[in-house]
Amino acid sequence: MQRLWNEFSESSRIALTQIRANMMRSVLTALGVIIGIVAVTLMGTAINGIDVGFQNSLAMLGDDVLYVQKWPWGRVDDWWNYQNRPLIRPEMSDQLNRVIEDSRDSLLQVAVPVAARGGPVKTGENQIGGVQIVGTTANYSQMMSADFKEGRLFNDTESAGGRQVCVLGFDVAEALFPNSSPLDQSVKISGQPFTVIGVLAKQGAFLGLFSFDNQVMVPLNAYRKYFSFNSNSSQLRVKVKDKNRMEEAKEELIGAMRRVRGLLPGERDNFSINQQQAFREQLDPIKKGIAFAGLFITGLSLFVGAIGIMNITFVSVKERTKEIGTRKALGARRRSILLQFLIEAVSICLIGGLIGLTLTFSLCLILQSTMPSLPVVFSGSLVIISMVVSIATGIVSGFAPAWGASRLDPVVALRYE
Amino acid sequence: MTASSAPAAARSVRPPGQLVIQIDGVTKLYQMGEETIHALRGVALTIRRNEYLAIMGPSGSGKSTLMNMLGCLDTPTAGHYDFNGKNVASMVDDELADIRNREIGFVFQTFNLLPRSNALHNVELPLIYAGLSRSERLQRAAQALTDVGLGDRMHHRPNELSGGQRQRVAIARALVTRPSIILADEPTGNLDSKTGVEIMDLFEHLYELGNTLIVVTHEEDVARHARRIVRLRDGLIESDQTV
């Protein structure tokens, strides 16, 4: 045990001495590893970032909400079937809620109708176009994933009476009221006056595509009164009580919808039940593909670095053949020599890895401060993974030359000049 | 093979002790392309503790091969080799390494010191492989360096030392494990004659202290210091005489 420890500390000592003695060479060799580690870890943070962004986006949809719509999310092959389906009318939410109330131990909590269209919103001075105008009821509060920055959602009375009140998305509020609170102010939505009663907190963009912050919410009855109501985009959102039983809840909802629709057994569903799971299933393979391709390409640069390490270890063994002979004559076993050169290779890799990691870390900090929207996530597991990768690279690339060195015939090695 | 004649004046001869090396019928073949070279053709030799032996012979006589064999750096193609009663001929690499570490102290013609390590670390090296603790290593290495007269040069690197001093460091390194034999290969080959004499005086001193010395050389001046001279020619022992 003492002997193994001795050999280990002696090997580390030699490794450091060698690296210091051949500074230029070590730095150049380590550079290959540094570039490799930076590439791999940067890719790792990017993949992490994509993943986090993806999760955040899905959370906006609500992980306990089922969407009843005419069209399913994702690709459909028989477009015509779906096009001919009857519309999902807002009134169906009342029918659906009655079915939910009547059934015992229902997994469903409440159904809420939602309709949406684009339109301009303006105040006296400011105007923005292309705002998502959402009509819904007070029940929507039960499934909202966003928080309020200030104010509140419309209540049952305002909702039922179709009062002209609205809740602004964060970006809309910022654009229209840059310096003051929008509460109790009046805005014109598609030309109709509405009083602001609430502002939503910032949510961000869904998969970077469209922003949840660029919306205004109004009571559905007001929406139907003032805006042309396009039933094609209308949908029901159903809140599920227990998000661990989404599949059962989905089955129950299908049954309830069939009753509402009056479908006979044997008739096909003429509605679609959508949930964030569908997105996840569709996007997971893409995400995995990006991760795999990215890590493969950046892994190649690490591979080149590893070849550099192997090369320099071969050179080191060749240069010090006589020293190997001397050490063997003095009693070094094969494993002593193997250990010596392995530790030398691993040390260069580890130093390279640490420098690379530091570079990645600073790059991440710079990226985060200059482009906060970029999803860059530097995680602790990345530190551990890259250290393990560095050590593994050192062992793998140093093994062949170290093995060769350990097998040298001491007589031949001693004669080597 | 014990000393029979009276030694020369002022030269002490210590009574030979127990058997250290016993080789019998040792042959060594090398394959050089198509050709098979018989480096040793059946050598028998017995070396006891407290001997001071010189192995001589022209180049190609098998002198180096015999030295490698005695130093357990190589194993014979055929024949017996017992070292302290253990059969070395059939040992594998790592067992040979342990024998070299514990039983043999090497002194090379080219010193073979680690250039980036100071004298103390160079002397400490075999003790690292012997598995000694750091404090014991340093203490014994310092003692060995003091014994060869380099107590004040411990922290010098080889390139800060003269040739004679470097060879003294190498000798201290050979002594530090308290080996059964010290095996020196042309120890004065890279030194000027005055320094060579100093090294041979040191060997004389070590002999008197009770070490067993084997010196491989082609110089009569060096061999003269030994108490017994073995001459090789064409892979065979030509003569084995006590002087």
# chains A, B, ... in the order shown; residues from 1 in each chain; ligands from 1
>>> interface_residues(of="chain A", to="chain B", cutoff="10 Å", atoms="only C-alpha atoms", output="ChimeraX atom specification")
/A:1-10,14,17-18,21,320,322-323,325-336,407,409-412,414
>>> write_last_selection(atoms="N, CA and C atoms", output="compact mmCIF listing (two decimals), in the first residue's frame")
# COMPACT_ATOMS: atom_id res chain seq x y z
N MET A 1 0.83 -1.20 0.00
CA MET A 1 0.00 0.00 0.00
C MET A 1 0.87 1.26 0.00
N GLN A 2 1.86 1.23 0.92
CA GLN A 2 2.79 2.34 0.99
C GLN A 2 3.51 2.50 -0.35
N ARG A 3 3.83 1.35 -0.96
CA ARG A 3 4.56 1.37 -2.21
C ARG A 3 3.72 2.01 -3.32
N LEU A 4 2.44 1.61 -3.36
CA LEU A 4 1.56 2.14 -4.40
C LEU A 4 1.41 3.66 -4.23
N TRP A 5 1.25 4.08 -2.97
CA TRP A 5 1.14 5.50 -2.68
C TRP A 5 2.41 6.23 -3.10
N ASN A 6 3.56 5.62 -2.77
CA ASN A 6 4.84 6.22 -3.16
C ASN A 6 4.91 6.41 -4.67
N GLU A 7 4.53 5.35 -5.39
CA GLU A 7 4.61 5.41 -6.85
C GLU A 7 3.66 6.46 -7.39
N PHE A 8 2.50 6.57 -6.75
CA PHE A 8 1.51 7.55 -7.20
C PHE A 8 2.03 8.97 -7.00
N SER A 9 2.59 9.24 -5.81
CA SER A 9 3.05 10.61 -5.56
C SER A 9 4.30 10.90 -6.38
N GLU A 10 5.17 9.89 -6.54
CA GLU A 10 6.35 10.09 -7.38
C GLU A 10 5.93 10.40 -8.82
N ILE A 14 6.76 13.66 -11.00
CA ILE A 14 7.42 13.62 -12.30
C ILE A 14 6.58 14.35 -13.34
N THR A 17 6.91 18.02 -12.97
CA THR A 17 8.24 18.44 -13.39
C THR A 17 8.34 18.44 -14.90
N GLN A 18 7.81 17.38 -15.52
CA GLN A 18 7.88 17.27 -16.98
C GLN A 18 7.11 18.39 -17.66
N ALA A 21 9.02 21.52 -17.31
CA ALA A 21 10.25 21.51 -18.10
C ALA A 21 9.96 21.68 -19.58
N ARG A 320 12.63 9.44 -22.97
CA ARG A 320 13.08 9.05 -21.65
C ARG A 320 13.24 7.54 -21.53
N LYS A 322 15.93 5.84 -21.68
CA LYS A 322 17.04 5.50 -20.80
C LYS A 322 16.63 5.64 -19.34
N GLU A 323 15.84 6.69 -19.07
CA GLU A 323 15.34 6.87 -17.71
C GLU A 323 14.46 5.69 -17.30
N GLY A 325 14.77 2.66 -18.39
CA GLY A 325 15.71 1.57 -18.10
C GLY A 325 16.30 1.72 -16.71
N THR A 326 16.72 2.94 -16.37
CA THR A 326 17.31 3.19 -15.06
C THR A 326 16.31 2.88 -13.95
N ARG A 327 15.10 3.38 -14.12
CA ARG A 327 14.08 3.13 -13.09
C ARG A 327 13.81 1.64 -12.94
N LYS A 328 13.77 0.93 -14.06
CA LYS A 328 13.54 -0.51 -13.98
C LYS A 328 14.70 -1.19 -13.26
N ALA A 329 15.95 -0.76 -13.56
CA ALA A 329 17.11 -1.34 -12.90
C ALA A 329 17.04 -1.10 -11.39
N LEU A 330 16.46 0.05 -11.00
CA LEU A 330 16.40 0.39 -9.58
C LEU A 330 15.19 -0.26 -8.90
N GLY A 331 14.39 -0.99 -9.66
CA GLY A 331 13.31 -1.74 -9.02
C GLY A 331 11.91 -1.32 -9.38
N ALA A 332 11.74 -0.44 -10.41
CA ALA A 332 10.38 -0.08 -10.82
C ALA A 332 9.73 -1.27 -11.51
N ARG A 333 8.52 -1.59 -11.08
CA ARG A 333 7.79 -2.66 -11.75
C ARG A 333 7.12 -2.10 -13.00
N ARG A 334 6.47 -3.01 -13.76
CA ARG A 334 5.76 -2.56 -14.96
C ARG A 334 4.70 -1.54 -14.61
N ARG A 335 3.95 -1.83 -13.55
CA ARG A 335 2.86 -0.91 -13.21
C ARG A 335 3.39 0.45 -12.78
N SER A 336 4.61 0.48 -12.18
CA SER A 336 5.18 1.77 -11.79
C SER A 336 5.37 2.66 -13.01
N ARG A 407 6.43 -2.16 -20.86
CA ARG A 407 6.86 -3.47 -21.38
C ARG A 407 8.30 -3.44 -21.91
N ASP A 409 12.13 -3.75 -22.44
CA ASP A 409 13.16 -4.60 -21.86
C ASP A 409 14.21 -3.69 -21.21
N PRO A 410 14.48 -3.87 -19.92
CA PRO A 410 15.41 -2.95 -19.25
C PRO A 410 16.79 -2.92 -19.90
N VAL A 411 17.25 -4.05 -20.42
CA VAL A 411 18.58 -4.09 -21.06
C VAL A 411 18.59 -3.18 -22.28
N VAL A 412 17.54 -3.31 -23.12
CA VAL A 412 17.44 -2.49 -24.33
C VAL A 412 17.29 -1.02 -23.96
N LEU A 414 18.23 0.56 -21.26
CA LEU A 414 19.44 1.14 -20.68
C LEU A 414 20.48 1.47 -21.75
>>> residues_around(residues="region 209-218 of chain B", least_positions_apart="4", cutoff="6 Å", atoms="only C-alpha atoms", output="compact mmCIF listing (two decimals) with N, CA and C atoms, in the first residue's frame")
# COMPACT_ATOMS: atom_id res chain seq x y z
N ARG B 49 29.44 -13.57 -0.35
CA ARG B 49 29.43 -12.31 0.35
C ARG B 49 30.86 -11.89 0.68
N ASN B 50 31.11 -10.57 0.67
CA ASN B 50 32.42 -10.00 1.01
C ASN B 50 33.45 -10.16 -0.09
N GLU B 51 33.04 -10.61 -1.25
CA GLU B 51 34.01 -10.69 -2.35
C GLU B 51 34.11 -9.35 -3.05
N TYR B 52 35.25 -9.14 -3.72
CA TYR B 52 35.46 -7.96 -4.55
C TYR B 52 35.95 -8.50 -5.87
N LEU B 53 35.03 -8.53 -6.85
CA LEU B 53 35.26 -9.29 -8.06
C LEU B 53 35.29 -8.35 -9.26
N ALA B 54 36.25 -8.61 -10.18
CA ALA B 54 36.25 -7.87 -11.44
C ALA B 54 35.95 -8.83 -12.56
N ILE B 55 35.05 -8.44 -13.47
CA ILE B 55 34.79 -9.25 -14.65
C ILE B 55 35.38 -8.51 -15.84
N MET B 56 36.30 -9.19 -16.53
CA MET B 56 37.02 -8.55 -17.63
C MET B 56 36.79 -9.32 -18.92
N GLY B 57 37.10 -8.66 -20.00
CA GLY B 57 37.01 -9.32 -21.28
C GLY B 57 36.87 -8.30 -22.39
N ILE B 181 24.63 -7.25 -3.33
CA ILE B 181 25.81 -6.96 -4.15
C ILE B 181 25.68 -5.57 -4.77
N ILE B 182 26.84 -5.00 -5.04
CA ILE B 182 26.88 -3.76 -5.82
C ILE B 182 27.52 -4.11 -7.16
N LEU B 183 26.79 -3.79 -8.22
CA LEU B 183 27.21 -4.18 -9.56
C LEU B 183 27.56 -2.92 -10.33
N ALA B 184 28.87 -2.76 -10.64
CA ALA B 184 29.32 -1.54 -11.30
C ALA B 184 29.79 -1.86 -12.71
N ASP B 185 29.22 -1.14 -13.67
CA ASP B 185 29.55 -1.35 -15.08
C ASP B 185 30.45 -0.22 -15.55
N GLU B 186 31.75 -0.51 -15.73
CA GLU B 186 32.73 0.51 -16.15
C GLU B 186 32.56 1.79 -15.34
>>> atom_distance(atom1="CA of Ile189 (chain A)", atom2="CA of Ala115 (chain A)")
15.0 Å
>>> select_by_dssp(residues="region 117-252 of chain A", states="alpha helix (DSSP H)", output="PyMOL selection string")
chain A and resi 156-161+170-176+220-226+246-252
>>> closest_residue(among="A:Val238, A:Val33, A:Asp78, A:Ala413", to="Gln142 (chain A)", atoms="only C-alpha atoms")
A:Val238
>>> closest_residue(among="A:Gly151, A:Gly191, A:Gly352, A:Pro219", to="Ile19 (chain A)", atoms="only C-alpha atoms")
A:Gly352
>>> select_by_dssp(residues="region 178-275 of chain A", states="strand (DSSP E)", output="PyMOL selection string")
chain A and resi 186-189+192-200+205-206+210-211+215-219+235-240+272-274
>>> residues_around(residues="Ala78 (chain B)", least_positions_apart="5", cutoff="10 Å", atoms="only C-alpha atoms", output="PyMOL selection string")
chain B and resi 24-29+40-42+89-90
>>> write_last_selection(atoms="N, CA and C atoms", output="PDB file, in the first residue's frame")
ATOM      1  N   ASP B  24      25.235 -21.765 -13.160  1.00  0.00           N
ATOM      2  CA  ASP B  24      25.794 -23.018 -13.651  1.00  0.00           C
ATOM      3  C   ASP B  24      25.220 -23.315 -15.030  1.00  0.00           C
ATOM      4  N   GLY B  25      26.129 -23.530 -15.978  1.00  0.00           N
ATOM      5  CA  GLY B  25      25.712 -23.913 -17.332  1.00  0.00           C
ATOM      6  C   GLY B  25      24.843 -22.879 -18.011  1.00  0.00           C
ATOM      7  N   VAL B  26      25.115 -21.607 -17.697  1.00  0.00           N
ATOM      8  CA  VAL B  26      24.259 -20.556 -18.251  1.00  0.00           C
ATOM      9  C   VAL B  26      24.623 -20.254 -19.704  1.00  0.00           C
ATOM     10  N   THR B  27      23.632 -20.303 -20.569  1.00  0.00           N
ATOM     11  CA  THR B  27      23.828 -19.900 -21.963  1.00  0.00           C
ATOM     12  C   THR B  27      22.843 -18.787 -22.293  1.00  0.00           C
ATOM     13  N   LYS B  28      23.239 -17.982 -23.269  1.00  0.00           N
ATOM     14  CA  LYS B  28      22.327 -16.928 -23.733  1.00  0.00           C
ATOM     15  C   LYS B  28      22.448 -16.811 -25.243  1.00  0.00           C
ATOM     16  N   LEU B  29      21.343 -16.917 -25.905  1.00  0.00           N
ATOM     17  CA  LEU B  29      21.314 -16.821 -27.359  1.00  0.00           C
ATOM     18  C   LEU B  29      20.563 -15.557 -27.750  1.00  0.00           C
ATOM     19  N   LEU B  40      26.625 -16.244 -24.411  1.00  0.00           N
ATOM     20  CA  LEU B  40      27.229 -17.056 -23.339  1.00  0.00           C
ATOM     21  C   LEU B  40      27.031 -18.522 -23.735  1.00  0.00           C
ATOM     22  N   ARG B  41      28.110 -19.305 -23.525  1.00  0.00           N
ATOM     23  CA  ARG B  41      28.052 -20.689 -24.016  1.00  0.00           C
ATOM     24  C   ARG B  41      28.177 -21.701 -22.887  1.00  0.00           C
ATOM     25  N   GLY B  42      27.702 -21.382 -21.721  1.00  0.00           N
ATOM     26  CA  GLY B  42      27.819 -22.327 -20.613  1.00  0.00           C
ATOM     27  C   GLY B  42      28.786 -21.797 -19.572  1.00  0.00           C
ATOM     28  N   ALA B  89      16.273 -17.744 -12.647  1.00  0.00           N
ATOM     29  CA  ALA B  89      16.156 -18.047 -14.083  1.00  0.00           C
ATOM     30  C   ALA B  89      14.710 -18.112 -14.551  1.00  0.00           C
ATOM     31  N   SER B  90      13.809 -18.503 -13.651  1.00  0.00           N
ATOM     32  CA  SER B  90      12.419 -18.686 -14.075  1.00  0.00           C
ATOM     33  C   SER B  90      11.510 -17.554 -13.610  1.00  0.00           C
TER      34      SER B  90
END
>>> atom_distance(atom1="CA of Lys239 (chain A)", atom2="CA of Leu66 (chain A)")
6.5 Å
>>> closest_residue(among="A:Asn155, A:Ser397, A:Asn97, A:Ser211", to="Leu236 (chain A)", atoms="only C-alpha atoms")
A:Asn97
>>> closest_residue(among="A:Leu220, A:Val40, A:Ala201, A:Ile355", to="Val134 (chain A)", atoms="only C-alpha atoms")
A:Leu220
>>> residues_around(residues="region 357-373 of chain A", least_positions_apart="2", cutoff="10 Å", atoms="only C-alpha atoms", output="list in words")
Ile34, Ile35, Ile37, Val38, Ala39, Val40, Thr41, Leu42, Met43, Thr45, Ala46, Gly53, Gly204, Ala205, Gly208, Ile351, Gly352, Gly353, Leu354, Ile355, Pro375, Val376, Val377, Phe378, Ser379, Leu382, Val383, Ser386 and Met387 of chain A
>>> atom_distance(atom1="CA of Lys70 (chain A)", atom2="CA of Phe227 (chain A)")
20.9 Å
>>> residues_around(residues="Val216 (chain A)", least_positions_apart="2", cutoff="8 Å", atoms="only C-alpha atoms", output="list in words")
Val131, Gln132, Ile133, Val134, Cys166, Val167, Leu168, Gly169, Val172, Asn214 and Val218 of chain A
